[in-house]
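Colleague: My file is target.txt. It has compact mmCIF, C-alpha atoms and all ligand atoms:
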```txt
# COMPACT_ATOMS: atom_id res chain seq x y z
CA MET A 55 76.88 -18.10 -0.05
CA GLN A 56 74.02 -15.77 -0.91
CA ILE A 57 71.40 -15.37 1.84
CA ILE A 58 67.91 -14.48 0.66
CA HIS A 59 64.77 -13.85 2.72
CA HIS A 60 62.24 -12.86 0.05
CA VAL A 61 60.60 -14.82 -2.75
CA ASN A 62 61.04 -12.17 -5.46
CA GLU A 63 64.76 -11.86 -4.85
CA LEU A 64 65.16 -15.65 -4.93
CA ARG A 65 63.18 -15.90 -8.16
CA SER A 66 65.37 -13.33 -9.93
CA THR A 67 68.59 -14.91 -8.65
CA LEU A 68 67.47 -18.35 -9.87
CA ALA A 69 66.26 -17.01 -13.24
CA GLU A 70 69.83 -15.85 -13.83
CA VAL A 71 71.21 -19.27 -12.79
CA ARG A 72 68.77 -20.98 -15.15
CA ARG A 73 69.70 -18.65 -18.03
CA GLY A 74 73.28 -19.88 -17.55
CA GLY A 75 72.00 -23.42 -18.18
CA ARG A 76 72.83 -24.56 -14.69
CA ARG A 77 70.99 -27.42 -12.96
CA ILE A 78 69.41 -26.40 -9.64
CA ALA A 79 68.98 -28.57 -6.52
CA VAL A 80 66.95 -27.70 -3.44
CA VAL A 81 67.43 -29.05 0.09
CA PRO A 82 64.42 -28.07 2.24
CA THR A 83 65.19 -28.00 5.99
CA MET A 84 63.93 -26.49 9.21
CA GLY A 85 67.46 -25.51 10.27
CA ASN A 86 69.45 -26.52 13.37
CA LEU A 87 71.61 -28.36 10.89
CA HIS A 88 73.54 -31.51 11.78
CA ARG A 89 75.71 -33.95 9.81
CA GLY A 90 72.58 -35.52 8.27
CA HIS A 91 71.55 -32.22 6.70
CA ILE A 92 75.09 -31.58 5.48
CA ARG A 93 75.04 -34.95 3.69
CA LEU A 94 71.88 -33.78 1.91
CA VAL A 95 73.63 -30.59 0.79
CA GLU A 96 76.67 -32.58 -0.38
CA THR A 97 74.41 -34.99 -2.29
CA ALA A 98 72.64 -32.02 -3.87
CA GLY A 99 76.03 -30.60 -4.88
CA ALA A 100 76.91 -33.85 -6.61
CA GLN A 101 73.61 -33.78 -8.56
CA ALA A 102 73.43 -30.15 -9.61
CA ASP A 103 75.47 -27.02 -10.37
CA PHE A 104 73.66 -24.70 -7.96
CA VAL A 105 72.40 -25.73 -4.51
CA VAL A 106 69.66 -23.84 -2.69
CA SER A 107 69.07 -24.82 0.94
CA THR A 108 65.95 -23.56 2.63
CA ILE A 109 65.51 -22.98 6.35
CA PHE A 110 61.91 -22.49 7.42
CA VAL A 111 60.35 -23.78 10.64
CA ASN A 112 56.99 -24.44 9.05
CA PRO A 113 54.16 -23.71 11.51
CA MET A 114 51.64 -25.59 9.35
CA GLN A 115 53.22 -28.97 10.07
CA PHE A 116 53.17 -28.62 13.88
CA GLY A 117 50.13 -29.67 15.94
CA ALA A 118 48.64 -27.28 18.51
CA HIS A 119 50.51 -28.88 21.44
CA GLU A 120 53.76 -29.69 19.65
CA ASP A 121 57.19 -28.05 19.88
CA LEU A 122 56.89 -25.19 17.34
CA ASP A 123 57.91 -22.54 19.87
CA LYS A 124 60.84 -24.43 21.35
CA TYR A 125 62.04 -25.97 18.06
CA PRO A 126 65.80 -25.17 17.99
CA ARG A 127 66.72 -22.17 15.83
CA THR A 128 70.47 -21.70 15.24
CA PRO A 129 70.78 -19.43 12.18
CA ASP A 130 74.43 -18.34 12.62
CA ALA A 131 75.77 -21.87 13.07
CA ASP A 132 73.59 -23.05 10.16
CA ILE A 133 75.02 -20.38 7.85
CA ASP A 134 78.59 -21.43 8.76
CA LYS A 135 77.82 -25.10 8.09
CA LEU A 136 76.08 -24.45 4.77
CA THR A 137 78.92 -22.22 3.60
CA ALA A 138 81.48 -24.90 4.51
CA ALA A 139 79.39 -27.53 2.68
CA GLY A 140 79.50 -25.52 -0.55
CA CYS A 141 75.86 -24.44 -0.59
CA HIS A 142 75.36 -21.56 -3.06
CA CYS A 143 72.25 -19.96 -1.68
CA LEU A 144 70.25 -20.03 1.55
CA PHE A 145 66.56 -19.13 1.36
CA ALA A 146 65.35 -18.31 4.88
CA PRO A 147 61.97 -16.60 4.60
CA PRO A 148 59.99 -15.15 7.51
CA VAL A 149 56.60 -16.78 8.17
CA SER A 150 54.85 -13.76 6.60
CA GLU A 151 56.61 -14.44 3.28
CA ILE A 152 55.26 -18.00 3.06
CA TYR A 153 51.86 -17.42 4.67
CA PRO A 154 51.12 -13.72 3.92
CA GLU A 155 47.42 -14.07 4.78
CA GLY A 156 48.01 -16.40 7.72
CA LEU A 157 47.80 -20.19 7.94
CA GLU A 158 44.01 -20.39 8.01
CA GLN A 159 43.62 -18.67 4.63
CA HIS A 160 46.30 -20.67 2.85
CA THR A 161 45.61 -23.40 0.27
CA VAL A 162 46.42 -26.84 1.64
CA VAL A 163 48.02 -29.66 -0.35
CA SER A 164 46.86 -33.01 0.97
CA VAL A 165 48.23 -36.36 -0.18
CA PRO A 166 45.55 -38.97 0.56
CA GLY A 167 46.13 -42.44 2.00
CA ILE A 168 49.82 -42.46 2.71
CA SER A 169 49.57 -39.27 4.83
CA GLU A 170 47.04 -40.83 7.17
CA ARG A 171 49.05 -43.82 8.40
CA HIS A 172 51.87 -44.12 10.96
CA CYS A 173 53.02 -40.58 11.91
CA GLY A 174 49.98 -39.17 10.11
CA ALA A 175 47.67 -41.07 12.45
CA SER A 176 49.43 -39.70 15.54
CA ARG A 177 49.98 -36.20 14.14
CA PRO A 178 46.81 -35.34 12.19
CA GLY A 179 47.46 -32.63 9.59
CA HIS A 180 51.25 -32.95 9.86
CA PHE A 181 51.78 -34.21 6.31
CA ASP A 182 49.33 -31.66 4.89
CA GLY A 183 51.64 -29.02 6.36
CA VAL A 184 54.70 -30.72 4.90
CA ALA A 185 53.13 -31.24 1.44
CA THR A 186 51.88 -27.65 1.37
CA VAL A 187 55.20 -26.03 2.22
CA VAL A 188 57.27 -28.38 0.05
CA SER A 189 55.03 -27.84 -2.99
CA LYS A 190 55.25 -24.11 -2.39
CA LEU A 191 59.06 -24.30 -2.15
CA PHE A 192 59.09 -26.37 -5.35
CA ASN A 193 57.09 -23.64 -7.12
CA ILE A 194 59.27 -20.84 -5.77
CA VAL A 195 62.63 -22.51 -6.46
CA GLY A 196 61.74 -24.51 -9.58
CA PRO A 197 64.51 -27.06 -8.93
CA ASP A 198 65.60 -29.91 -11.19
CA VAL A 199 66.27 -32.09 -8.17
CA ALA A 200 65.18 -32.06 -4.52
CA VAL A 201 67.00 -33.92 -1.75
CA PHE A 202 65.43 -35.32 1.46
CA GLY A 203 66.65 -37.59 4.27
CA LYS A 204 65.39 -41.14 4.63
CA LYS A 205 65.18 -40.70 8.42
CA ASP A 206 61.79 -39.14 7.67
CA TYR A 207 60.91 -42.10 5.46
CA GLN A 208 57.16 -41.53 5.39
CA GLN A 209 57.69 -37.85 4.60
CA LEU A 210 59.89 -38.86 1.64
CA GLN A 211 57.17 -41.19 0.29
CA VAL A 212 54.47 -38.52 0.78
CA ILE A 213 56.64 -36.06 -1.18
CA ARG A 214 57.31 -38.61 -3.92
CA LYS A 215 53.56 -39.18 -4.38
CA MET A 216 52.80 -35.46 -4.27
CA THR A 217 55.50 -34.78 -6.89
CA SER A 218 54.10 -37.46 -9.17
CA ASP A 219 50.40 -36.59 -8.60
CA LEU A 220 50.90 -32.85 -9.18
CA GLY A 221 53.21 -33.35 -12.17
CA PHE A 222 56.25 -31.55 -10.74
CA ASP A 223 59.14 -32.22 -13.13
CA ILE A 224 61.56 -32.70 -10.23
CA GLU A 225 63.79 -35.66 -9.42
CA ILE A 226 63.37 -36.65 -5.76
CA VAL A 227 66.49 -38.08 -4.13
CA GLY A 228 66.44 -39.85 -0.74
CA VAL A 229 69.65 -39.96 1.32
CA ALA A 230 70.53 -42.62 3.92
CA THR A 231 70.14 -41.73 7.60
CA GLU A 232 73.21 -40.42 9.41
CA ARG A 233 73.76 -41.93 12.87
CA ASP A 234 75.94 -41.19 15.88
CA ARG A 235 78.62 -43.68 16.91
CA GLN A 236 76.15 -45.76 18.88
CA GLY A 237 73.57 -45.85 16.10
CA LEU A 238 71.11 -43.16 17.18
CA ALA A 239 69.64 -41.50 14.07
CA LEU A 240 70.68 -37.84 13.94
CA SER A 241 67.74 -35.52 14.51
CA SER A 242 67.34 -31.93 15.62
CA ARG A 243 65.04 -33.26 18.35
CA ASN A 244 67.90 -35.33 19.88
CA GLY A 245 68.95 -32.04 21.48
CA TYR A 246 65.95 -32.40 23.82
CA LEU A 247 67.36 -35.68 25.26
CA ASN A 248 69.53 -36.00 28.38
CA ASP A 249 72.24 -38.70 28.53
CA SER A 250 70.00 -41.32 30.08
CA GLU A 251 67.25 -40.64 27.49
CA LYS A 252 69.84 -40.91 24.69
CA HIS A 253 70.73 -44.35 26.03
CA THR A 254 67.04 -45.34 26.13
CA ALA A 255 66.54 -44.03 22.60
CA LEU A 256 69.05 -46.58 21.25
CA CYS A 257 66.38 -49.23 21.86
CA LEU A 258 64.67 -47.96 18.67
CA ILE A 259 67.47 -48.85 16.27
CA ARG A 260 68.42 -52.00 18.21
CA THR A 261 64.87 -53.34 17.97
CA LEU A 262 64.59 -52.36 14.30
CA THR A 263 67.88 -54.12 13.55
CA ASP A 264 66.87 -57.22 15.51
CA VAL A 265 63.48 -57.52 13.78
CA ALA A 266 65.06 -56.87 10.35
CA LYS A 267 67.49 -59.72 11.04
CA ARG A 268 64.66 -62.06 11.98
CA ILE A 269 62.85 -61.19 8.76
CA THR A 270 65.94 -61.76 6.60
CA GLU A 271 66.38 -65.09 8.41
CA GLY A 272 62.89 -66.14 7.30
CA GLU A 273 60.33 -65.03 9.92
CA ARG A 274 57.17 -63.93 8.12
CA ASP A 275 54.58 -63.45 10.85
CA TYR A 276 54.89 -59.68 10.65
CA ARG A 277 52.02 -58.85 12.99
CA VAL A 278 53.55 -61.02 15.74
CA LEU A 279 56.95 -59.37 15.22
CA GLU A 280 55.31 -55.92 15.51
CA GLN A 281 53.65 -56.84 18.83
CA HIS A 282 56.92 -58.27 20.13
CA ALA A 283 58.78 -55.05 19.24
CA LEU A 284 56.15 -52.87 20.95
CA GLN A 285 56.61 -54.93 24.12
CA ILE A 286 60.38 -54.41 23.95
CA PHE A 287 59.85 -50.65 23.66
CA THR A 288 57.61 -50.62 26.73
CA ALA A 289 60.01 -52.81 28.73
CA ASN A 290 62.84 -50.38 27.94
CA GLY A 291 60.98 -47.22 28.94
CA ILE A 292 59.87 -46.06 25.50
CA GLN A 293 56.23 -45.07 25.22
CA ALA A 294 55.57 -46.78 21.92
CA ASP A 295 53.60 -45.00 19.22
CA TYR A 296 53.90 -47.60 16.46
CA PHE A 297 56.16 -50.30 15.05
CA ASN A 298 54.93 -51.21 11.58
CA ILE A 299 56.38 -53.57 8.97
CA CYS A 300 55.29 -52.09 5.65
CA GLN A 301 55.61 -52.28 1.89
CA ALA A 302 58.46 -49.92 1.06
CA ASP A 303 56.58 -47.60 -1.36
CA SER A 304 52.92 -47.58 -0.37
CA LEU A 305 53.61 -48.02 3.37
CA VAL A 306 50.61 -50.34 3.72
CA PRO A 307 51.12 -53.41 5.99
CA ALA A 308 53.60 -55.84 4.43
CA THR A 309 52.58 -59.38 3.53
CA PRO A 310 54.91 -62.39 3.16
CA ALA A 311 54.67 -61.93 -0.64
CA ASP A 312 56.39 -58.51 -0.51
CA GLN A 313 60.08 -58.19 -1.33
CA ARG A 314 60.80 -54.52 -0.59
CA LEU A 315 59.96 -53.65 2.99
CA VAL A 316 60.50 -50.86 5.44
CA ILE A 317 59.98 -51.04 9.18
CA LEU A 318 58.79 -47.74 10.61
CA ALA A 319 58.98 -47.04 14.34
CA ALA A 320 58.03 -44.13 16.58
CA GLY A 321 57.90 -43.61 20.31
CA PHE A 322 58.31 -41.13 23.12
CA VAL A 323 61.50 -41.07 25.16
CA GLY A 324 60.52 -38.84 28.04
CA ALA A 325 58.66 -35.96 26.38
CA THR A 326 60.51 -36.31 23.08
CA ARG A 327 58.94 -38.12 20.12
CA LEU A 328 61.52 -39.97 18.03
CA ILE A 329 61.19 -41.87 14.77
CA ASP A 330 63.47 -44.28 12.95
CA ASN A 331 63.23 -46.92 10.23
CA ILE A 332 65.11 -49.67 8.44
CA GLU A 333 64.73 -50.86 4.85
CA ILE A 334 64.86 -54.54 3.87
CA ILE A 335 65.10 -56.12 0.42
CA LEU A 336 64.30 -59.83 0.49
CA PRO A 337 65.60 -62.19 -2.20
CA GLN A 338 63.01 -63.35 -4.77
O1 LIG B 1 62.11 -32.56 7.13
C1 LIG B 1 61.97 -31.35 7.40
O2 LIG B 1 62.85 -30.70 7.94
C2 LIG B 1 60.65 -30.67 7.05
O3 LIG B 1 59.57 -31.51 7.26
C3 LIG B 1 60.63 -30.07 5.64
C4 LIG B 1 60.76 -31.15 4.57
C5 LIG B 1 61.75 -29.07 5.49
C6 LIG B 1 59.31 -29.34 5.39
O4 LIG B 1 59.12 -28.32 6.31
```
Would you kindly transcribe this structure into structure tokens?
Ligand code: PAF
Modeller:
Amino acid sequence: MQIIHHVNELRSTLAEVRRGGRRIAVVPTMGNLHRGHIRLVETAGAQADFVVSTIFVNPMQFGAHEDLDKYPRTPDADIDKLTAAGCHCLFAPPVSEIYPEGLEQHTVVSVPGISERHCGASRPGHFDGVATVVSKLFNIVGPDVAVFGKKDYQQLQVIRKMTSDLGFDIEIVGVATERDRQGLALSSRNGYLNDSEKHTALCLIRTLTDVAKRITEGERDYRVLEQHALQIFTANGIQADYFNICQADSLVPATPADQRLVILAAGFVGATRLIDNIEIILPQ
């Protein structure tokens, strides 16, 4: 696997790949790779001839009091995992390569509406940071396909809208969430949890699954179900952020007329903010 830190070198490598008529996939990540990320790389490999993974802990998407400094950075282990997964090229730029004039002076890509709900309401500016860095990576890599995890469901929908609005000719592929044996969604932030917090965190997926079941069984009072779920979170020691039953694409509140739904949930377990979601397709 080729390891590249600078934009110019990546551009010339990829120009050569493109001249050979090969299809390019990109898998943007922030590193500290787990099985979920590896699935993304494998999916990319099945969709393209040349896979570029990026590792960049993007300062623009972290709020002032968030975990940018302590976010886990494990470059050597990541390189081993990407190599084993068949990734062709790792792009791991320093911050100065992406934001040469600093964050304040950089153009910001903002996706209206969908960025402001759910996580966007609790983490103002977060999705501007994501949309900015992802659009920049799209311009640098020029991929045919880009692969993202559905664990960050809202992020995926923000990126889909950005791709469509800005006319990027890139296929966006979403990959199902990987979970541990008990059902906890894999996340780099799980590393912050102790055993008892990991146990508490399972309440997220259990509540999502329970509410999804009630909806498939015919319950349609979504706002009542949301309140009920928030109470379960509190009773189980999760400081709830939100539990929202939404239309699957726009992420606005679902109505009983909607067929494709997603339930998005977020909450703090101790000091760690976790998110999870479940998709539902109702019969016509
Ligand atoms: O999901 C992530 O790891 C990040 O938000 C992404 C898409 C790599 C942008 O920094």
Colleague: Within 6 Å of ligand LIG 1 (chain B), which residues show up when you count all atoms listed in the file? List them as an mmCIF file with C-alpha atoms, in the frame of the given file, please.
Modeller:
```
data_model
loop_
_atom_site.group_PDB
_atom_site.id
_atom_site.type_symbol
_atom_site.label_atom_id
_atom_site.label_comp_id
_atom_site.auth_asym_id
_atom_site.auth_seq_id
_atom_site.Cartn_x
_atom_site.Cartn_y
_atom_site.Cartn_z
ATOM 1 C CA PRO A 82 64.420 -28.070 2.240
ATOM 2 C CA THR A 83 65.190 -28.000 5.990
ATOM 3 C CA MET A 84 63.930 -26.490 9.210
ATOM 4 C CA ASN A 112 56.990 -24.440 9.050
ATOM 5 C CA VAL A 184 54.700 -30.720 4.900
ATOM 6 C CA VAL A 188 57.270 -28.380 0.050
#
```
Colleague: One number please: atom CA of A:Leu191 to atom CA of A:Arg76, in Å, one decimal.
Modeller: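 Taking atom CA of A:Leu191 and atom CA of A:Arg76, their separation equals 18.6 Å.
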Colleague: Restricting the calculation to all atoms listed in the file, which member of A:Ala311, A:Leu279, A:Val195, A:Ile329 is positioned closest to A:Leu258?
Modeller: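 Selected residue with least distance to A:Leu258: A:Ile329.
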Colleague: Would you kindly return, as a PyMOL selection string, each protein, DNA or RNA residue with an atom no farther than 10 Å from any atom of A:Glu251, considering all atoms listed in the file and excluding same-chain residues fewer than 6 positions away?
Modeller: chain A and resi 244+291-292+322-326
Colleague: So that I can see what lies close to A:Ile226, please list as a list of chain:residue names the residues with an atom at most 9 Å from it, counting all atoms listed in the file and leaving out residues fewer than 5 positions away in the same chain.
Modeller: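 My list of contacting residues is A:Asp198, A:Val199, A:Ala200, A:Val201, A:Phe202, A:Leu210, A:Ile213, A:Arg214, A:Thr217.
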Colleague: Those residues you just picked out, can you put them in a file as a PDB file, in the coordinates of the input with C-alpha atoms?
Modeller:
```pdb
ATOM      1  CA  ASP A 198      65.600 -29.910 -11.190  1.00  0.00           C
ATOM      2  CA  VAL A 199      66.270 -32.090  -8.170  1.00  0.00           C
ATOM      3  CA  ALA A 200      65.180 -32.060  -4.520  1.00  0.00           C
ATOM      4  CA  VAL A 201      67.000 -33.920  -1.750  1.00  0.00           C
ATOM      5  CA  PHE A 202      65.430 -35.320   1.460  1.00  0.00           C
ATOM      6  CA  LEU A 210      59.890 -38.860   1.640  1.00  0.00           C
ATOM      7  CA  ILE A 213      56.640 -36.060  -1.180  1.00  0.00           C
ATOM      8  CA  ARG A 214      57.310 -38.610  -3.920  1.00  0.00           C
ATOM      9  CA  THR A 217      55.500 -34.780  -6.890  1.00  0.00           C
TER      10      THR A 217
END
```
Colleague: Taking all listed atoms of stretch 210-219 of chain A, build the axis-aligned box, pad each of the six sides by 8 Å, then write its centre and edge lengths in Å to one decimal as JSON.
Modeller:
```
{"center_x": 55.1, "center_y": -38.0, "center_z": -3.8, "size_x": 25.5, "size_y": 22.4, "size_z": 26.8}
```
Colleague: Which residues, written as a list in words, have at least one atom at most 10 Å from A:Ile152, with only C-alpha atoms counted and residues fewer than 6 positions away on the same chain left out?
Modeller: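 Everything that qualifies: His60, Val61, Phe110, Asn112, His160, Val187, Lys190 and Leu191 of chain A.
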Colleague: From the set A:Ile92, A:Met114, A:Ala308, A:Leu64, which residue has the shortest atom-to-atom contact distance to A:Asp275, counting all atoms listed in the file?
Modeller: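 The closest residue to A:Asp275 is A:Ala308.
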Colleague: Which protein, DNA or RNA residues are at most 10 Å from (53.5, -66.4, 4.3) in the file's coordinates when you count all atoms listed in the file, listed as a list in words?
Modeller: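 Protein, DNA and RNA residues close to (53.5, -66.4, 4.3): Gly272, Glu273, Arg274, Asp275, Tyr276, Thr309, Pro310, Ala311 and Asp312 of chain A.
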Colleague: Would you please work out which residue, of A:Ala239, A:Ala118, A:Val71, A:Ile133, is nearest to A:Met55 when using only C-alpha atoms?
Modeller: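 Going through A:Ala239, A:Ala118, A:Val71, A:Ile133 one by one, the smallest distance to A:Met55 is for A:Ile133.
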Colleague: Name the residues in contact with A:Asp103 at a cut-off of 10 Å, using only C-alpha atoms, excluding same-chain residues fewer than 3 positions from it; report them as a PyMOL selection string.
Modeller: chain A and resi 71+75-79+98-100+142
Colleague: Pick out the closest residue to A:Tyr296 from this set: A:Arg171, A:Leu315, A:His180, A:Pro148. Count all atoms listed in the file.
Modeller: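 Between A:Arg171, A:Leu315, A:His180, A:Pro148, the residue approaching A:Tyr296 most closely is A:Arg171.
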